[in-house]
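Structure file query.cif; described as mmCIF, N, CA and C atoms and all ligand atoms.
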```cif
data_run
loop_
_atom_site.label_atom_id
_atom_site.label_comp_id
_atom_site.auth_asym_id
_atom_site.auth_seq_id
_atom_site.Cartn_x
_atom_site.Cartn_y
_atom_site.Cartn_z
N MET K 389 57.00 97.05 137.91
CA MET K 389 57.05 97.01 136.44
C MET K 389 56.72 98.39 135.84
N SER K 390 55.73 99.09 136.45
CA SER K 390 55.32 100.37 135.84
C SER K 390 56.46 101.40 135.88
N TRP K 391 57.35 101.29 136.88
CA TRP K 391 58.46 102.25 136.93
C TRP K 391 59.35 102.08 135.71
N LEU K 392 59.46 100.83 135.27
CA LEU K 392 60.31 100.57 134.10
C LEU K 392 59.70 101.21 132.85
N ILE K 393 58.39 101.09 132.72
CA ILE K 393 57.72 101.70 131.56
C ILE K 393 57.89 103.22 131.62
N CYS K 394 57.72 103.79 132.82
CA CYS K 394 57.90 105.24 132.98
C CYS K 394 59.31 105.65 132.56
N LEU K 395 60.27 104.86 132.99
CA LEU K 395 61.66 105.19 132.69
C LEU K 395 61.89 105.16 131.17
N LEU K 396 61.35 104.13 130.53
CA LEU K 396 61.56 103.99 129.09
C LEU K 396 60.83 105.07 128.30
N LEU K 397 59.73 105.57 128.86
CA LEU K 397 58.97 106.61 128.16
C LEU K 397 59.53 108.00 128.45
N SER K 398 60.41 108.10 129.44
CA SER K 398 60.93 109.41 129.84
C SER K 398 61.71 110.06 128.69
N PRO K 399 61.30 111.24 128.25
CA PRO K 399 62.00 111.85 127.11
C PRO K 399 63.47 112.11 127.41
N SER K 400 63.80 112.38 128.67
CA SER K 400 65.19 112.71 128.98
C SER K 400 66.13 111.54 128.70
N LEU K 401 65.58 110.34 128.75
CA LEU K 401 66.43 109.17 128.49
C LEU K 401 66.80 109.08 127.01
N TRP K 402 65.92 109.59 126.17
CA TRP K 402 66.11 109.44 124.73
C TRP K 402 66.62 110.70 124.06
N ALA K 403 66.32 111.86 124.62
CA ALA K 403 66.79 113.10 124.02
C ALA K 403 68.31 113.07 124.03
N SER K 404 68.95 113.45 122.91
CA SER K 404 70.40 113.33 122.95
C SER K 404 70.98 114.57 123.57
N ASP K 405 71.61 114.37 124.69
CA ASP K 405 72.21 115.44 125.47
C ASP K 405 73.61 115.74 124.94
N ALA K 406 74.15 114.79 124.16
CA ALA K 406 75.55 114.89 123.76
C ALA K 406 75.69 114.57 122.28
N MET K 407 76.52 115.36 121.59
CA MET K 407 76.77 115.11 120.16
C MET K 407 78.23 114.73 120.00
N PRO K 408 78.50 113.58 119.37
CA PRO K 408 79.90 113.15 119.23
C PRO K 408 80.71 114.10 118.36
N ALA K 409 82.01 114.06 118.51
CA ALA K 409 82.91 114.92 117.74
C ALA K 409 82.72 114.67 116.25
N THR K 410 82.80 115.72 115.46
CA THR K 410 82.75 115.59 114.00
C THR K 410 84.18 115.35 113.51
N PRO K 411 84.36 114.94 112.25
CA PRO K 411 85.73 114.74 111.73
C PRO K 411 86.59 116.01 111.84
N SER K 412 85.95 117.19 111.81
CA SER K 412 86.72 118.44 111.88
C SER K 412 87.31 118.71 113.26
N ALA K 413 86.95 117.91 114.26
CA ALA K 413 87.53 118.10 115.60
C ALA K 413 89.04 117.88 115.56
N ALA K 414 89.49 117.03 114.63
CA ALA K 414 90.92 116.72 114.53
C ALA K 414 91.73 117.96 114.14
N THR K 415 91.08 118.91 113.46
CA THR K 415 91.80 120.12 113.02
C THR K 415 91.26 121.37 113.72
N ALA K 416 90.65 121.17 114.90
CA ALA K 416 90.08 122.31 115.63
C ALA K 416 91.18 123.28 116.06
N ASP K 417 90.87 124.57 116.00
CA ASP K 417 91.86 125.60 116.31
C ASP K 417 91.21 126.64 117.22
N ALA K 418 91.71 126.72 118.46
CA ALA K 418 91.11 127.60 119.46
C ALA K 418 91.21 129.08 119.06
N GLU K 419 92.28 129.45 118.38
CA GLU K 419 92.46 130.85 117.98
C GLU K 419 91.40 131.25 116.94
N ARG K 420 91.13 130.36 116.00
CA ARG K 420 90.03 130.63 115.05
C ARG K 420 88.71 130.71 115.81
N GLY K 421 88.55 129.84 116.81
CA GLY K 421 87.34 129.84 117.62
C GLY K 421 87.15 131.16 118.35
N ARG K 422 88.25 131.72 118.85
CA ARG K 422 88.19 133.01 119.55
C ARG K 422 87.67 134.09 118.61
N LYS K 423 88.19 134.10 117.38
CA LYS K 423 87.76 135.11 116.41
C LYS K 423 86.27 134.93 116.05
N LEU K 424 85.86 133.68 115.96
CA LEU K 424 84.45 133.41 115.63
C LEU K 424 83.54 133.90 116.76
N LEU K 425 83.95 133.67 118.00
CA LEU K 425 83.14 134.12 119.13
C LEU K 425 83.01 135.64 119.13
N LEU K 426 84.09 136.31 118.71
CA LEU K 426 84.09 137.77 118.72
C LEU K 426 83.29 138.37 117.56
N ALA K 427 82.96 137.56 116.56
CA ALA K 427 82.30 138.07 115.36
C ALA K 427 80.82 138.34 115.63
N ARG K 428 80.54 139.50 116.18
CA ARG K 428 79.17 139.82 116.60
C ARG K 428 78.16 139.78 115.47
N ASN K 429 78.58 140.18 114.28
CA ASN K 429 77.62 140.19 113.17
C ASN K 429 77.53 138.85 112.47
N ASP K 430 78.35 137.92 112.91
CA ASP K 430 78.38 136.61 112.25
C ASP K 430 77.77 135.57 113.21
N THR K 431 78.52 135.18 114.24
CA THR K 431 77.98 134.20 115.19
C THR K 431 77.04 134.85 116.20
N GLY K 432 77.40 136.03 116.68
CA GLY K 432 76.57 136.72 117.68
C GLY K 432 76.61 136.09 119.06
N CYS K 433 77.51 135.15 119.31
CA CYS K 433 77.54 134.46 120.61
C CYS K 433 77.63 135.46 121.78
N LEU K 434 78.47 136.49 121.60
CA LEU K 434 78.71 137.40 122.73
C LEU K 434 77.55 138.37 122.97
N LEU K 435 76.58 138.37 122.07
CA LEU K 435 75.39 139.18 122.35
C LEU K 435 74.68 138.61 123.57
N CYS K 436 74.78 137.31 123.76
CA CYS K 436 74.04 136.63 124.83
C CYS K 436 74.93 136.02 125.91
N HIS K 437 76.20 135.81 125.64
CA HIS K 437 77.06 135.08 126.58
C HIS K 437 78.31 135.86 126.96
N GLN K 438 78.77 135.62 128.19
CA GLN K 438 80.12 136.00 128.60
C GLN K 438 81.04 134.83 128.24
N ALA K 439 82.28 135.12 127.85
CA ALA K 439 83.23 134.02 127.60
C ALA K 439 84.60 134.43 128.10
N SER K 440 85.39 133.47 128.54
CA SER K 440 86.72 133.73 129.09
C SER K 440 87.58 134.51 128.12
N GLY K 441 88.31 135.48 128.65
CA GLY K 441 89.28 136.20 127.85
C GLY K 441 88.67 137.15 126.83
N LEU K 442 87.36 137.27 126.80
CA LEU K 442 86.70 138.15 125.83
C LEU K 442 85.87 139.18 126.58
N LYS K 443 85.94 140.41 126.10
CA LYS K 443 85.24 141.51 126.80
C LYS K 443 83.81 141.67 126.31
N ASP K 444 83.02 142.32 127.12
CA ASP K 444 81.71 142.81 126.71
C ASP K 444 80.71 141.74 126.26
N GLY K 445 80.70 140.62 126.95
CA GLY K 445 79.69 139.60 126.63
C GLY K 445 78.33 140.01 127.19
N GLY K 446 77.28 139.40 126.65
CA GLY K 446 75.93 139.68 127.12
C GLY K 446 75.53 138.74 128.25
N GLU K 447 74.34 138.95 128.76
CA GLU K 447 73.90 138.16 129.91
C GLU K 447 72.56 137.49 129.71
N MET K 448 72.14 137.35 128.46
CA MET K 448 70.85 136.68 128.23
C MET K 448 70.98 135.17 128.37
N GLY K 449 72.17 134.65 128.11
CA GLY K 449 72.41 133.22 128.28
C GLY K 449 73.40 133.02 129.41
N PRO K 450 73.61 131.76 129.84
CA PRO K 450 74.57 131.51 130.92
C PRO K 450 75.99 131.88 130.51
N SER K 451 76.82 132.26 131.48
CA SER K 451 78.22 132.55 131.18
C SER K 451 78.89 131.27 130.70
N LEU K 452 79.76 131.42 129.69
CA LEU K 452 80.48 130.26 129.16
C LEU K 452 81.88 130.16 129.75
N LYS K 453 82.12 131.01 130.78
CA LYS K 453 83.49 131.10 131.31
C LYS K 453 84.05 129.77 131.78
N ASP K 454 83.35 128.95 132.45
CA ASP K 454 83.95 127.67 132.87
C ASP K 454 83.06 126.52 132.41
N VAL K 455 82.50 126.71 131.21
CA VAL K 455 81.53 125.72 130.72
C VAL K 455 82.16 124.34 130.61
N GLY K 456 83.48 124.30 130.34
CA GLY K 456 84.18 123.02 130.22
C GLY K 456 84.26 122.24 131.52
N THR K 457 84.07 122.93 132.65
CA THR K 457 84.09 122.22 133.93
C THR K 457 82.70 121.69 134.28
N ARG K 458 81.68 122.24 133.63
CA ARG K 458 80.30 121.81 133.93
C ARG K 458 79.77 120.81 132.92
N LEU K 459 80.24 120.93 131.67
CA LEU K 459 79.71 120.08 130.60
C LEU K 459 80.85 119.39 129.86
N SER K 460 80.56 118.22 129.31
CA SER K 460 81.56 117.51 128.50
C SER K 460 81.63 118.18 127.13
N PRO K 461 82.72 117.95 126.38
CA PRO K 461 82.80 118.50 125.02
C PRO K 461 81.58 118.10 124.18
N GLU K 462 81.10 116.87 124.37
CA GLU K 462 79.95 116.39 123.59
C GLU K 462 78.67 117.14 123.97
N GLN K 463 78.54 117.45 125.26
CA GLN K 463 77.37 118.22 125.71
C GLN K 463 77.43 119.65 125.19
N ILE K 464 78.63 120.24 125.19
CA ILE K 464 78.79 121.60 124.66
C ILE K 464 78.43 121.61 123.17
N ARG K 465 78.94 120.59 122.45
CA ARG K 465 78.69 120.51 121.00
C ARG K 465 77.19 120.45 120.72
N GLN K 466 76.47 119.62 121.48
CA GLN K 466 75.02 119.50 121.27
C GLN K 466 74.32 120.83 121.50
N ARG K 467 74.75 121.56 122.54
CA ARG K 467 74.08 122.81 122.89
C ARG K 467 74.32 123.89 121.85
N ILE K 468 75.47 123.86 121.18
CA ILE K 468 75.71 124.86 120.13
C ILE K 468 75.02 124.41 118.84
N ALA K 469 75.14 123.12 118.53
CA ALA K 469 74.59 122.62 117.26
C ALA K 469 73.07 122.77 117.23
N ASP K 470 72.41 122.34 118.29
CA ASP K 470 70.95 122.45 118.33
C ASP K 470 70.43 122.39 119.77
N PRO K 471 70.36 123.55 120.42
CA PRO K 471 69.92 123.55 121.82
C PRO K 471 68.44 123.20 121.99
N ARG K 472 67.69 123.19 120.89
CA ARG K 472 66.26 122.85 120.98
C ARG K 472 66.05 121.42 121.43
N VAL K 473 67.06 120.58 121.23
CA VAL K 473 66.95 119.18 121.65
C VAL K 473 66.75 119.12 123.17
N LEU K 474 67.40 120.03 123.89
CA LEU K 474 67.27 120.06 125.34
C LEU K 474 66.14 120.95 125.81
N ASN K 475 65.92 122.04 125.11
CA ASN K 475 64.88 122.99 125.50
C ASN K 475 64.20 123.53 124.25
N PRO K 476 63.05 122.94 123.89
CA PRO K 476 62.37 123.36 122.65
C PRO K 476 61.99 124.84 122.67
N GLN K 477 61.91 125.46 123.84
CA GLN K 477 61.52 126.87 123.95
C GLN K 477 62.72 127.81 123.88
N THR K 478 63.92 127.28 123.78
CA THR K 478 65.09 128.16 123.88
C THR K 478 65.10 129.22 122.79
N PHE K 479 65.65 130.38 123.10
CA PHE K 479 65.78 131.39 122.04
C PHE K 479 67.20 131.43 121.49
N MET K 480 68.05 130.51 121.95
CA MET K 480 69.37 130.40 121.32
C MET K 480 69.20 129.73 119.95
N PRO K 481 69.81 130.32 118.90
CA PRO K 481 69.70 129.72 117.57
C PRO K 481 70.38 128.35 117.50
N ALA K 482 69.90 127.49 116.60
CA ALA K 482 70.55 126.20 116.34
C ALA K 482 71.62 126.46 115.29
N TYR K 483 72.89 126.37 115.68
CA TYR K 483 73.97 126.80 114.79
C TYR K 483 74.45 125.73 113.83
N PHE K 484 74.06 124.47 114.10
CA PHE K 484 74.54 123.42 113.19
C PHE K 484 73.40 122.43 112.91
N SER K 485 72.30 123.00 112.45
CA SER K 485 71.13 122.18 112.13
C SER K 485 70.34 122.92 111.07
N THR K 486 69.69 122.17 110.19
CA THR K 486 68.81 122.82 109.21
C THR K 486 67.37 122.35 109.41
N LYS K 487 67.15 121.64 110.52
CA LYS K 487 65.81 121.08 110.76
C LYS K 487 64.86 122.10 111.35
N GLY K 488 63.61 122.07 110.92
CA GLY K 488 62.56 122.84 111.57
C GLY K 488 62.71 124.35 111.44
N LEU K 489 63.40 124.83 110.42
CA LEU K 489 63.53 126.28 110.23
C LEU K 489 62.50 126.73 109.20
N HIS K 490 61.98 127.94 109.37
CA HIS K 490 60.94 128.44 108.46
C HIS K 490 61.40 129.74 107.82
N ASN K 491 60.87 130.03 106.65
CA ASN K 491 61.15 131.29 105.96
C ASN K 491 62.64 131.58 105.79
N VAL K 492 63.40 130.55 105.46
CA VAL K 492 64.83 130.74 105.26
C VAL K 492 65.05 131.31 103.85
N ALA K 493 65.87 132.37 103.74
CA ALA K 493 66.15 132.97 102.44
C ALA K 493 66.74 131.92 101.50
N LYS K 494 66.35 131.96 100.24
CA LYS K 494 66.75 130.94 99.25
C LYS K 494 68.25 130.61 99.27
N PRO K 495 69.13 131.63 99.23
CA PRO K 495 70.56 131.28 99.16
C PRO K 495 71.07 130.54 100.40
N LEU K 496 70.32 130.67 101.51
CA LEU K 496 70.78 130.05 102.76
C LEU K 496 70.11 128.71 103.05
N GLN K 497 69.15 128.34 102.21
CA GLN K 497 68.42 127.10 102.48
C GLN K 497 69.35 125.89 102.48
N GLY K 498 69.16 125.01 103.45
CA GLY K 498 69.96 123.79 103.53
C GLY K 498 71.35 124.01 104.09
N LYS K 499 71.65 125.26 104.48
CA LYS K 499 72.99 125.53 105.04
C LYS K 499 72.89 125.74 106.53
N THR K 500 73.90 125.28 107.26
CA THR K 500 73.94 125.53 108.70
C THR K 500 74.59 126.89 108.93
N VAL K 501 74.34 127.51 110.08
CA VAL K 501 74.94 128.81 110.38
C VAL K 501 76.45 128.68 110.48
N LEU K 502 76.90 127.69 111.24
CA LEU K 502 78.33 127.45 111.38
C LEU K 502 78.73 126.28 110.48
N THR K 503 79.94 126.33 109.94
CA THR K 503 80.47 125.13 109.27
C THR K 503 80.88 124.14 110.35
N GLU K 504 81.10 122.91 109.95
CA GLU K 504 81.53 121.89 110.91
C GLU K 504 82.85 122.33 111.57
N GLN K 505 83.77 122.91 110.77
CA GLN K 505 85.05 123.33 111.32
C GLN K 505 84.86 124.47 112.32
N ALA K 506 84.00 125.42 111.99
CA ALA K 506 83.76 126.56 112.90
C ALA K 506 83.18 126.07 114.22
N LEU K 507 82.26 125.11 114.15
CA LEU K 507 81.68 124.53 115.37
C LEU K 507 82.79 123.97 116.26
N GLU K 508 83.70 123.19 115.66
CA GLU K 508 84.77 122.56 116.44
C GLU K 508 85.78 123.59 116.94
N ASP K 509 86.04 124.64 116.15
CA ASP K 509 86.98 125.69 116.57
C ASP K 509 86.44 126.41 117.82
N ILE K 510 85.15 126.71 117.83
CA ILE K 510 84.54 127.39 118.97
C ILE K 510 84.62 126.50 120.22
N ILE K 511 84.35 125.23 120.05
CA ILE K 511 84.42 124.31 121.20
C ILE K 511 85.85 124.26 121.74
N ALA K 512 86.83 124.23 120.83
CA ALA K 512 88.25 124.20 121.26
C ALA K 512 88.57 125.42 122.11
N TYR K 513 88.06 126.58 121.72
CA TYR K 513 88.32 127.80 122.51
C TYR K 513 87.64 127.71 123.88
N LEU K 514 86.39 127.29 123.89
CA LEU K 514 85.65 127.23 125.17
C LEU K 514 86.31 126.26 126.14
N LEU K 515 86.87 125.16 125.62
CA LEU K 515 87.50 124.17 126.50
C LEU K 515 88.84 124.67 127.02
N LYS K 516 89.48 125.54 126.26
CA LYS K 516 90.78 126.06 126.66
C LYS K 516 90.63 127.01 127.86
N ASN K 517 89.48 127.69 127.90
CA ASN K 517 89.14 128.54 129.04
C ASN K 517 90.28 129.47 129.47
N PRO K 518 90.75 130.34 128.59
CA PRO K 518 91.86 131.23 128.97
C PRO K 518 91.41 132.23 130.03
N PRO K 519 92.35 132.82 130.79
CA PRO K 519 91.97 133.73 131.87
C PRO K 519 91.25 134.98 131.37
C1 LIG K 601 70.02 135.01 121.39
C2 LIG K 601 70.88 134.64 122.50
C3 LIG K 601 71.93 133.57 122.30
C4 LIG K 601 72.90 133.51 121.31
C5 LIG K 601 73.10 134.45 120.14
C6 LIG K 601 73.71 132.36 121.63
N1 LIG K 601 73.26 131.74 122.77
FE1 LIG K 601 74.07 130.12 123.68
N2 LIG K 601 72.54 130.08 125.01
C7 LIG K 601 71.54 131.03 125.11
C8 LIG K 601 70.62 130.65 126.18
C9 LIG K 601 69.39 131.42 126.61
C10 LIG K 601 71.13 129.44 126.72
C11 LIG K 601 70.52 128.61 127.85
C12 LIG K 601 69.91 127.38 127.28
C13 LIG K 601 68.43 127.44 127.13
O1 LIG K 601 67.87 128.42 126.58
O2 LIG K 601 67.78 126.47 127.52
C14 LIG K 601 72.33 129.12 125.97
C15 LIG K 601 73.16 128.02 126.23
C16 LIG K 601 74.39 127.81 125.66
C17 LIG K 601 75.32 126.79 126.06
C18 LIG K 601 75.13 125.83 127.23
C19 LIG K 601 75.69 126.54 128.45
C20 LIG K 601 75.37 125.92 129.76
O3 LIG K 601 76.02 126.28 130.73
O4 LIG K 601 74.45 125.11 129.84
C21 LIG K 601 76.41 126.91 125.27
C22 LIG K 601 77.69 126.06 125.31
C23 LIG K 601 76.17 128.00 124.36
N3 LIG K 601 74.92 128.54 124.63
C24 LIG K 601 77.06 128.44 123.41
C25 LIG K 601 76.77 129.42 122.46
C26 LIG K 601 77.65 129.75 121.35
C27 LIG K 601 79.02 129.14 121.10
C28 LIG K 601 77.00 130.71 120.60
C29 LIG K 601 77.42 131.31 119.28
C30 LIG K 601 77.82 130.36 118.23
C31 LIG K 601 75.75 131.00 121.30
N4 LIG K 601 75.64 130.19 122.40
C32 LIG K 601 74.82 131.96 120.89
C33 LIG K 601 71.41 132.15 124.32
C34 LIG K 601 72.16 132.45 123.20
#
```

Using structure tokens, write down the structure from this file.
Ligand code: HEC
Amino acid sequence: MSWLICLLLSPSLWASDAMPATPSAATADAERGRKLLLARNDTGCLLCHQASGLKDGGEMGPSLKDVGTRLSPEQIRQRIADPRVLNPQTFMPAYFSTKGLHNVAKPLQGKTVLTEQALEDIIAYLLKNPP
């Protein structure tokens, strides 16, 4: 019986590892996603990551080159939207969440870093995994 209680109390069972597609997934565009990944002063993804078909990625985070073979689209979405759900200590920013942020400049309060469409566009590019 105690194993069952342990299982039910296990945070990994309840932490959401996967985020379902948003309505903007229907209009996702990998080419827009490519441009967003390249926007160093905007998304900054390549400061920390390598990605397929893109030069000069960083190495502070795992390579995203074949991320689609390791993770489901829902798992990728969760990691971009709010990686703190999986690792509260992560230094990757939460790109689609407004929870738990401090000292946010007034004009940016209540806004996510990425729009819902931008989130889906980036996922479309990562799943396409060009050479
Ligand atoms: C400041 C560095 C940094 C930036 C900027 C950053 N990431 Fe990350 N990312 C990380 C780290 C570190 C991890 C590993 C997860 C952890 O910390 O637990 C990660 C993990 C991921 C993962 C999961 C990969 C895997 O194999 O598990 C994805 C997908 C991802 N990042 C996508 C992105 C995208 C897309 C952007 C831009 C919108 C971005 N990241 C920006 C540092 C960063």

Which residues, written as a ChimeraX atom specification, have at least one atom at most 7 Å from range 482-486 of chain K, with only C-alpha atoms counted and residues fewer than 6 positions away on the same chain left out? /K:468-471,498-502

Just need the box for range 479-495 of chain K, edges along x, y and z, holding every atom the file lists for it with 5 Å tacked onto each side, so centre and edge lengths in Å to one decimal, as lines of an AutoDock Vina configuration file.
```
center_x = 67.7
center_y = 127.0
center_z = 111.1
size_x = 23.7
size_y = 21.9
size_z = 33.9
```

Just checking: using only C-alpha atoms and all ligand atoms, which residue out of K:Gly432, K:Pro476, K:Pro519, K:Gly446 ends up closest to ligand LIG 601 (chain K)? K:Gly432

Fewer than 4 positions away in the same chain doesn't count, so skip those; otherwise give me all residues within 9 Å of Gly445 in chain K, counting only C-alpha atoms, as a list in words. Cys433, Leu434, Leu435, Cys436, His437, Gln438, Ala439 and Ser451 of chain K

Sphere at (87.9, 125.6, 112.2), radius 6.5 Å, counting only N, CA and C atoms: residues as a PyMOL selection string: chain K and resi 415-417+420-421+504-510

Coordinates-based distance that separates atom C of Pro481 in chain K from atom N of Asp454 in chain K (Å, one decimal): 19.8 Å
